Amino acid sequence: MFSVEMLPDDDIDAAVRGDWQRLIVAGLPSAGRHPSETNRPHVTVAVRDDLPDDAVSRLTALGTELPAACRLGGAVVFPARDRFVLARPIVMTAALMRFHAEVVGLIGAPPEDYAVTAQDRWTPHVTLARRMTAEQVGRALAVVGAASLDGRFSGLRLWDAEQKLVTLLR
């Protein structure tokens, strides 16, 4: 599995890492508990099982369109089977929609397993925690608050889940 991911600037990265740490201090699930050096705040743009042969070079060229302005929103909760994912949404803009459409155009439409990254179903966000119970979500919302933050996407990377390898594209 491969994922194309946008990386936020230092201010948004620090804000998300602050949320991760506050969740840890509160004894809640947090994406900050994952110790891998590849674990960092990001927005997943697309997920695919395979990529076209020229995907890396074409995505690298597309990455030159960054940095792009973004606004990190308060908090959003997604259902995930019998648990929940806590995230900070990225406010959708026309430029962000165009960038996403260009990525999908380069690598193709997603299969049903990754339909949440299709052009008409994508909800850009930065994950704060996974596998939360409803009670934990309630506590977590009080911990992370609802402040928004303006920033930029300053990087683009490709995550190869099978190889556990990150390729910086920008």
# chains A, B, ... in the order shown; residues from 1 in each chain; ligands from 1
call {"tool": "residues_around", "arguments": {"residues": "stretch 37-50 of chain A", "least_positions_apart": "5", "cutoff": "7 Å", "atoms": "only C-alpha atoms", "output": "PyMOL selection string"}}
result
chain A and resi 1-8+13+16+100+110+114+117+124-126
call {"tool": "select_by_dssp", "arguments": {"residues": "chain A", "states": "alpha helix (DSSP H)", "output": "PyMOL selection string"}}
result
chain A and resi 10-25+55-62+94-107+134-144
call {"tool": "residues_around", "arguments": {"residues": "stretch 24-31 of chain A", "least_positions_apart": "5", "cutoff": "8 Å", "atoms": "only C-alpha atoms", "output": "list in words"}}
result
Thr127, Leu128, Ala129, Arg130, Arg131, Met132, Gln136, Ala140 and Val143 of chain A
call {"tool": "write_last_selection", "arguments": {"atoms": "N, CA and C atoms", "output": "PDB file, in the first residue's frame"}}
result
ATOM      1  N   THR A 127      -4.648  13.317  11.676  1.00  0.00           N
ATOM      2  CA  THR A 127      -5.104  12.422  12.737  1.00  0.00           C
ATOM      3  C   THR A 127      -4.412  12.745  14.062  1.00  0.00           C
ATOM      4  N   LEU A 128      -5.227  12.822  15.115  1.00  0.00           N
ATOM      5  CA  LEU A 128      -4.700  13.013  16.468  1.00  0.00           C
ATOM      6  C   LEU A 128      -4.669  11.705  17.237  1.00  0.00           C
ATOM      7  N   ALA A 129      -5.711  10.870  17.072  1.00  0.00           N
ATOM      8  CA  ALA A 129      -5.783   9.598  17.804  1.00  0.00           C
ATOM      9  C   ALA A 129      -6.730   8.645  17.089  1.00  0.00           C
ATOM     10  N   ARG A 130      -6.468   7.373  17.250  1.00  0.00           N
ATOM     11  CA  ARG A 130      -7.303   6.313  16.669  1.00  0.00           C
ATOM     12  C   ARG A 130      -7.818   5.415  17.796  1.00  0.00           C
ATOM     13  N   ARG A 131      -8.788   4.599  17.427  1.00  0.00           N
ATOM     14  CA  ARG A 131      -9.327   3.575  18.334  1.00  0.00           C
ATOM     15  C   ARG A 131      -9.811   4.137  19.674  1.00  0.00           C
ATOM     16  N   MET A 132     -10.455   5.278  19.627  1.00  0.00           N
ATOM     17  CA  MET A 132     -10.981   5.892  20.851  1.00  0.00           C
ATOM     18  C   MET A 132     -12.402   5.390  21.119  1.00  0.00           C
ATOM     19  N   GLN A 136     -13.740   8.336  25.693  1.00  0.00           N
ATOM     20  CA  GLN A 136     -12.423   8.949  25.463  1.00  0.00           C
ATOM     21  C   GLN A 136     -12.525  10.148  24.524  1.00  0.00           C
ATOM     22  N   ALA A 140     -11.186  13.780  25.225  1.00  0.00           N
ATOM     23  CA  ALA A 140     -10.173  14.308  24.310  1.00  0.00           C
ATOM     24  C   ALA A 140     -10.583  15.660  23.734  1.00  0.00           C
ATOM     25  N   VAL A 143      -9.551  18.283  25.908  1.00  0.00           N
ATOM     26  CA  VAL A 143      -8.089  18.418  25.978  1.00  0.00           C
ATOM     27  C   VAL A 143      -7.540  19.192  24.785  1.00  0.00           C
TER      28      VAL A 143
END
call {"tool": "closest_residue", "arguments": {"among": "A:Ala95, A:Ala109, A:Ala161, A:Ala15", "to": "A:Gly145", "atoms": "only C-alpha atoms"}}
result
A:Ala15
call {"tool": "atom_distance", "arguments": {"atom1": "atom CA of A:Val116", "atom2": "atom CA of A:Leu86"}}
result
16.1 Å
call {"tool": "residues_around", "arguments": {"residues": "A:Pro52", "least_positions_apart": "4", "cutoff": "10 Å", "atoms": "only C-alpha atoms", "output": "list in words"}}
result
Val56, Arg58, Leu106, Ile107 and Gly108 of chain A
call {"tool": "closest_residue", "arguments": {"among": "A:Val144, A:Asp11, A:Arg17, A:Ala55", "to": "A:Thr167", "atoms": "only C-alpha atoms"}}
result
A:Ala55
call {"tool": "atom_distance", "arguments": {"atom1": "atom CA of A:Phe84", "atom2": "atom CA of A:Phe99"}}
result
27.8 Å
call {"tool": "select_by_dssp", "arguments": {"residues": "chain A", "states": "strand (DSSP E)", "output": "PyMOL selection string"}}
result
chain A and resi 2-8+43-48+68-72+76-80+83-89+125-132+149-160+165-168
call {"tool": "atom_distance", "arguments": {"atom1": "atom CA of A:Gly73", "atom2": "atom CA of A:Pro89"}}
result
5.1 Å
